>>> print(open('entry09.txt').read())   # compact mmCIF, C-alpha atoms
# COMPACT_ATOMS: atom_id res chain seq x y z
CA MET A 23 0.00 0.00 0.00
CA ARG A 24 1.27 3.47 -0.86
CA VAL A 25 1.10 5.93 2.03
CA TYR A 26 2.05 9.60 2.17
CA VAL A 27 3.91 10.63 5.30
CA PRO A 28 3.87 14.35 6.21
CA LEU A 29 7.17 15.77 7.45
CA THR A 30 9.19 18.96 7.63
CA LEU A 31 12.71 19.40 6.25
CA PRO A 32 14.20 18.85 9.73
CA GLY A 33 12.05 15.71 10.00
CA LEU A 34 13.33 14.51 6.64
CA ALA A 35 16.91 15.22 7.74
CA GLU A 36 16.35 13.11 10.86
CA ALA A 37 14.82 10.30 8.80
CA TYR A 38 17.83 10.41 6.47
CA LYS A 39 20.18 10.21 9.44
CA THR A 40 18.35 7.31 11.15
CA GLY A 41 17.05 5.52 8.07
CA GLU A 42 13.50 5.54 9.47
CA LEU A 43 10.49 7.80 9.03
CA GLY A 44 9.28 6.55 12.38
CA THR A 45 8.83 3.47 14.49
CA GLY A 46 5.04 3.64 14.66
CA PRO A 47 2.37 4.29 15.25
CA LEU A 48 2.76 6.90 12.57
CA VAL A 49 0.08 9.09 10.95
CA ALA A 50 0.09 9.00 7.16
CA TYR A 51 -2.42 9.43 4.33
CA ALA A 52 -3.57 6.93 1.73
CA VAL A 53 -6.42 6.08 -0.60
CA THR A 54 -8.99 4.89 1.93
CA PRO A 55 -12.65 3.95 1.37
CA ALA A 56 -13.72 7.25 2.96
CA LEU A 57 -11.39 9.22 0.65
CA ARG A 58 -12.75 7.33 -2.38
CA GLU A 59 -16.31 8.13 -1.36
CA TRP A 60 -15.52 11.79 -0.69
CA TYR A 61 -13.53 12.30 -3.91
CA LEU A 62 -16.00 10.42 -6.11
CA SER A 63 -13.42 9.12 -8.55
CA ASP A 64 -12.21 5.72 -9.63
CA ASP A 65 -9.01 7.15 -11.12
CA LEU A 66 -6.25 5.87 -8.83
CA GLU A 67 -3.87 8.65 -9.89
CA GLU A 68 -6.41 11.32 -8.90
CA LEU A 69 -7.11 9.56 -5.61
CA GLU A 70 -3.39 9.32 -4.79
CA TYR A 71 -3.03 13.02 -5.56
CA ALA A 72 -5.89 13.72 -3.12
CA ALA A 73 -4.10 11.65 -0.43
CA LEU A 74 -0.86 13.53 -1.18
CA SER A 75 -2.72 16.83 -0.80
CA ARG A 76 -4.10 15.73 2.57
CA ALA A 77 -0.55 14.87 3.66
CA ALA A 78 0.65 18.30 2.46
CA LEU A 79 -1.92 19.93 4.74
CA ALA A 80 -0.70 17.75 7.62
CA SER A 81 2.86 18.88 6.82
CA LEU A 82 1.63 22.48 7.05
CA ARG A 83 0.30 21.65 10.53
CA LEU A 84 3.73 20.32 11.50
CA LEU A 85 5.26 23.58 10.28
CA ALA A 86 2.76 25.60 12.32
CA ALA A 87 3.94 23.69 15.41
CA ASP A 88 7.65 24.20 14.61
CA PRO A 89 8.43 27.88 14.03
CA ASP A 90 12.12 27.14 13.41
CA ALA A 91 11.57 24.74 10.50
CA VAL A 92 12.15 25.91 6.94
CA ARG A 93 8.77 26.90 5.54
CA ARG A 94 8.49 24.17 2.93
CA ARG A 95 6.00 21.31 3.11
CA VAL A 96 7.45 17.80 2.81
CA VAL A 97 5.64 14.55 2.00
CA VAL A 98 7.33 11.17 1.60
CA ALA A 99 5.57 8.59 -0.56
CA VAL A 100 6.39 5.16 0.82
CA ASP A 101 5.18 1.64 0.16
CA VAL A 102 4.23 -0.39 3.23
CA PRO A 103 2.92 -3.97 3.39
CA ASP A 104 -0.86 -4.38 3.27
CA GLY A 105 -2.31 -4.58 6.75
CA VAL A 106 0.36 -2.33 8.30
CA ALA A 107 -1.70 0.81 7.69
CA GLY A 108 -5.34 1.24 8.53
CA ALA A 109 -7.92 3.95 9.05
CA GLY A 110 -9.21 4.26 12.59
CA PRO A 111 -12.94 3.55 12.84
CA ASP A 112 -13.53 6.56 15.09
CA ARG A 113 -11.85 8.98 12.67
CA GLY A 114 -13.21 7.60 9.39
CA ALA A 115 -16.26 9.87 9.30
CA ASP A 116 -14.37 13.01 10.39
CA PRO A 117 -13.93 15.23 7.26
CA SER A 118 -10.58 16.50 8.56
CA ALA A 119 -9.33 12.90 8.74
CA LEU A 120 -10.19 11.82 5.19
CA GLY A 121 -7.42 9.56 3.95
CA GLU A 122 -5.74 9.44 7.35
CA VAL A 123 -4.23 6.09 8.28
CA THR A 124 -2.10 4.84 11.13
CA VAL A 125 1.02 2.88 10.22
CA THR A 126 1.73 0.44 13.04
CA GLY A 127 5.28 -0.64 12.33
CA ALA A 128 8.63 0.94 11.64
CA VAL A 129 8.77 2.73 8.30
CA ARG A 130 12.18 2.49 6.65
CA LEU A 131 13.22 5.40 4.46
CA ALA A 132 14.64 2.81 2.05
CA LYS A 133 11.03 1.88 1.18
CA ALA A 134 10.28 5.44 0.01
CA ALA A 135 9.28 5.79 -3.62
CA ALA A 136 9.68 9.58 -3.80
CA VAL A 137 9.80 12.79 -1.81
CA HIS A 138 7.55 15.77 -2.53
CA VAL A 139 8.75 19.21 -1.37
CA ASP A 140 7.74 22.80 -1.96
CA ALA A 141 9.98 24.90 -4.20
CA ASP A 142 11.91 27.75 -2.60
CA ASP A 143 9.48 30.29 -4.04
CA ALA A 144 6.62 28.80 -2.00
CA GLU A 145 8.22 29.64 1.36
CA ARG A 146 6.51 33.03 1.77
CA ASP A 147 3.04 31.63 1.11
CA VAL A 148 3.68 28.52 3.22
CA ALA A 149 4.89 30.70 6.12
CA ALA A 150 1.74 32.83 5.88
CA ALA A 151 -0.43 29.71 5.74
CA ALA A 152 1.27 28.14 8.76
CA GLY A 153 0.67 31.33 10.71
CA ALA A 154 -2.98 31.47 9.66
CA LEU A 155 -3.83 27.80 10.14
CA GLU A 156 -5.33 28.09 13.62
CA ALA A 157 -7.58 30.97 12.58
CA ALA A 158 -8.59 29.09 9.41
CA ASP A 159 -9.53 26.08 11.52
CA GLY A 160 -11.72 28.45 13.54
CA GLY A 161 -13.64 29.54 10.45
CA ASP A 162 -11.79 32.75 9.52
CA ASP A 163 -12.28 33.14 5.75
CA ASP A 164 -9.29 35.45 5.30
CA ALA A 165 -7.05 32.96 7.09
CA GLN A 166 -8.46 30.14 4.95
CA PHE A 167 -7.55 32.17 1.88
CA LEU A 168 -3.91 32.20 3.08
CA VAL A 169 -3.97 28.44 3.61
CA ASP A 170 -5.40 27.99 0.13
CA GLU A 171 -2.62 30.19 -1.30
CA ALA A 172 -0.05 27.69 -0.03
CA ASP A 173 -2.11 24.89 -1.55
CA ASP A 174 -1.79 26.59 -4.93
CA HIS A 175 1.90 25.64 -4.93
CA GLU A 176 2.46 22.20 -6.37
CA LEU A 177 4.89 20.03 -4.45
CA LEU A 178 7.90 19.11 -6.54
CA TRP A 179 8.84 15.45 -7.05
CA PHE A 180 12.28 14.28 -5.98
CA ALA A 181 13.88 10.85 -6.25
CA THR A 182 15.02 9.38 -2.97
CA GLN A 183 18.63 9.71 -4.14
CA GLU A 184 18.14 13.48 -3.97
CA ILE A 185 17.35 13.51 -0.23
CA PRO A 186 20.94 14.41 0.77
CA ASN A 187 20.70 17.57 -1.36
CA LEU A 188 17.29 18.45 0.10
CA VAL A 189 18.47 18.21 3.71
CA ASP A 190 21.94 19.67 3.23
CA GLY A 191 22.34 22.49 5.72
CA VAL A 192 19.06 21.77 7.56
>>> encode(input="entry09.txt", output="structure tokens")
Amino acid sequence: MRVYVPLTLPGLAEAYKTGELGTGPLVAYAVTPALREWYLSDDLEELEYAALSRAALASLRLLAADPDAVRRRVVVAVDVPDGVAGAGPDRGADPSALGEVTVTGAVRLAKAAAVHVDADDAERDVAAAAGALEAADGGDDDAQFLVDEADDHELLWFATQEIPNLVDGV
């Protein structure tokens, strides 16, 4: 199963150093039945993009909690064995948890298929979005606009061999 793990650049640097994204339980995003129902598509590529987008929002939340992290969202696409990741029954109906899964075991960085990271030019909008996230969650339309501005930036695709360059100096 392909899961999308939200991180920050410092989190990616730590994963590169240790060889693990985490030992579990670990929150990630995937194509779940609830996400399929919400997105109303049978196109697996579109559904995976929706799961990636959910993980990008979770990465933004990590940035909001870490004011020292570089203001670039990071998502690692990784393949885990079937049965290792599952959606919690109590969170499945929560719209904010669409696509959310819990990975129960250790997740080796070596199993990563790719890394998705914002370009440098997204940092200003991502910083504004991270600062506005709490207000957006509270229903502030102007704050939500700032969060949506960050979402307008497409995450760039990087091969796993490029991770050392991404975390250099972090």
>>> atom_distance(input="entry09.txt", atom1="CA of Ala136 in chain A", atom2="CA of Arg94 in chain A")
16.1 Å
>>> closest_residue(input="entry09.txt", among="A:Leu48, A:Val129, A:Glu67, A:Ala151", to="Glu171 in chain A", atoms="all atoms listed in the file")
A:Ala151
>>> closest_residue(input="entry09.txt", among="A:Asp65, A:Leu82, A:Ala56, A:Pro47", to="Leu29 in chain A", atoms="only C-alpha atoms")
A:Leu82
>>> residues_around(input="entry09.txt", residues="Leu178 in chain A", least_positions_apart="6", cutoff="9 Å", atoms="only C-alpha atoms", output="list in words")
Val137, His138, Val139, Asp140 and Ala141 of chain A
>>> closest_residue(input="entry09.txt", among="A:Ala158, A:Arg130, A:Ala107, A:Arg146", to="Tyr38 in chain A", atoms="all atoms listed in the file")
A:Arg130
>>> residues_around(input="entry09.txt", residues="Glu42 in chain A", least_positions_apart="3", cutoff="9 Å", atoms="all atoms listed in the file", output="PDB file with C-alpha atoms, in the frame of the given file")
ATOM      1  CA  GLU A  36      16.350  13.110  10.860  1.00  0.00           C
ATOM      2  CA  ALA A  37      14.820  10.300   8.800  1.00  0.00           C
ATOM      3  CA  TYR A  38      17.830  10.410   6.470  1.00  0.00           C
ATOM      4  CA  LYS A  39      20.180  10.210   9.440  1.00  0.00           C
ATOM      5  CA  THR A  45       8.830   3.470  14.490  1.00  0.00           C
ATOM      6  CA  ALA A 128       8.630   0.940  11.640  1.00  0.00           C
ATOM      7  CA  VAL A 129       8.770   2.730   8.300  1.00  0.00           C
ATOM      8  CA  ARG A 130      12.180   2.490   6.650  1.00  0.00           C
ATOM      9  CA  LEU A 131      13.220   5.400   4.460  1.00  0.00           C
ATOM     10  CA  ALA A 132      14.640   2.810   2.050  1.00  0.00           C
TER      11      ALA A 132
END
>>> atom_distance(input="entry09.txt", atom1="CA of Ala134 in chain A", atom2="CA of Asp88 in chain A")
23.9 Å
>>> atom_distance(input="entry09.txt", atom1="CA of Ala73 in chain A", atom2="CA of Glu145 in chain A")
21.9 Å
>>> residues_around(input="entry09.txt", residues="Glu122 in chain A", least_positions_apart="5", cutoff="10 Å", atoms="all atoms listed in the file", output="tab-separated table (two decimals) with C-alpha atoms, keeping the file's coordinate frame")
chain	number	residue	atom	x	y	z
A	25	VAL	CA	1.10	5.93	2.03
A	26	TYR	CA	2.05	9.60	2.17
A	27	VAL	CA	3.91	10.63	5.30
A	49	VAL	CA	0.08	9.09	10.95
A	50	ALA	CA	0.09	9.00	7.16
A	51	TYR	CA	-2.42	9.43	4.33
A	52	ALA	CA	-3.57	6.93	1.73
A	53	VAL	CA	-6.42	6.08	-0.60
A	54	THR	CA	-8.99	4.89	1.93
A	56	ALA	CA	-13.72	7.25	2.96
A	57	LEU	CA	-11.39	9.22	0.65
A	73	ALA	CA	-4.10	11.65	-0.43
A	76	ARG	CA	-4.10	15.73	2.57
A	77	ALA	CA	-0.55	14.87	3.66
A	80	ALA	CA	-0.70	17.75	7.62
A	107	ALA	CA	-1.70	0.81	7.69
A	108	GLY	CA	-5.34	1.24	8.53
A	109	ALA	CA	-7.92	3.95	9.05
A	110	GLY	CA	-9.21	4.26	12.59
A	113	ARG	CA	-11.85	8.98	12.67
A	114	GLY	CA	-13.21	7.60	9.39
A	116	ASP	CA	-14.37	13.01	10.39
>>> residues_around(input="entry09.txt", residues="range 152-157 of chain A", least_positions_apart="6", cutoff="8 Å", atoms="only C-alpha atoms", output="MDAnalysis selection string")
chainID A and resid 82:83 85:86 165:166 168:169
>>> closest_residue(input="entry09.txt", among="A:Ala91, A:Val96, A:Ala150, A:Ala144", to="Ala78 in chain A", atoms="all atoms listed in the file")
A:Val96
>>> closest_residue(input="entry09.txt", among="A:Leu120, A:Thr182, A:Asp143, A:Pro55", to="Gly41 in chain A", atoms="all atoms listed in the file")
A:Thr182
>>> residues_around(input="entry09.txt", residues="Val189 in chain A", least_positions_apart="3", cutoff="6 Å", atoms="only C-alpha atoms", output="number ranges by chain")
A: 35, 186, 192
>>> closest_residue(input="entry09.txt", among="A:Val106, A:Leu74, A:Thr40, A:Leu31", to="Gly127 in chain A", atoms="only C-alpha atoms")
A:Val106
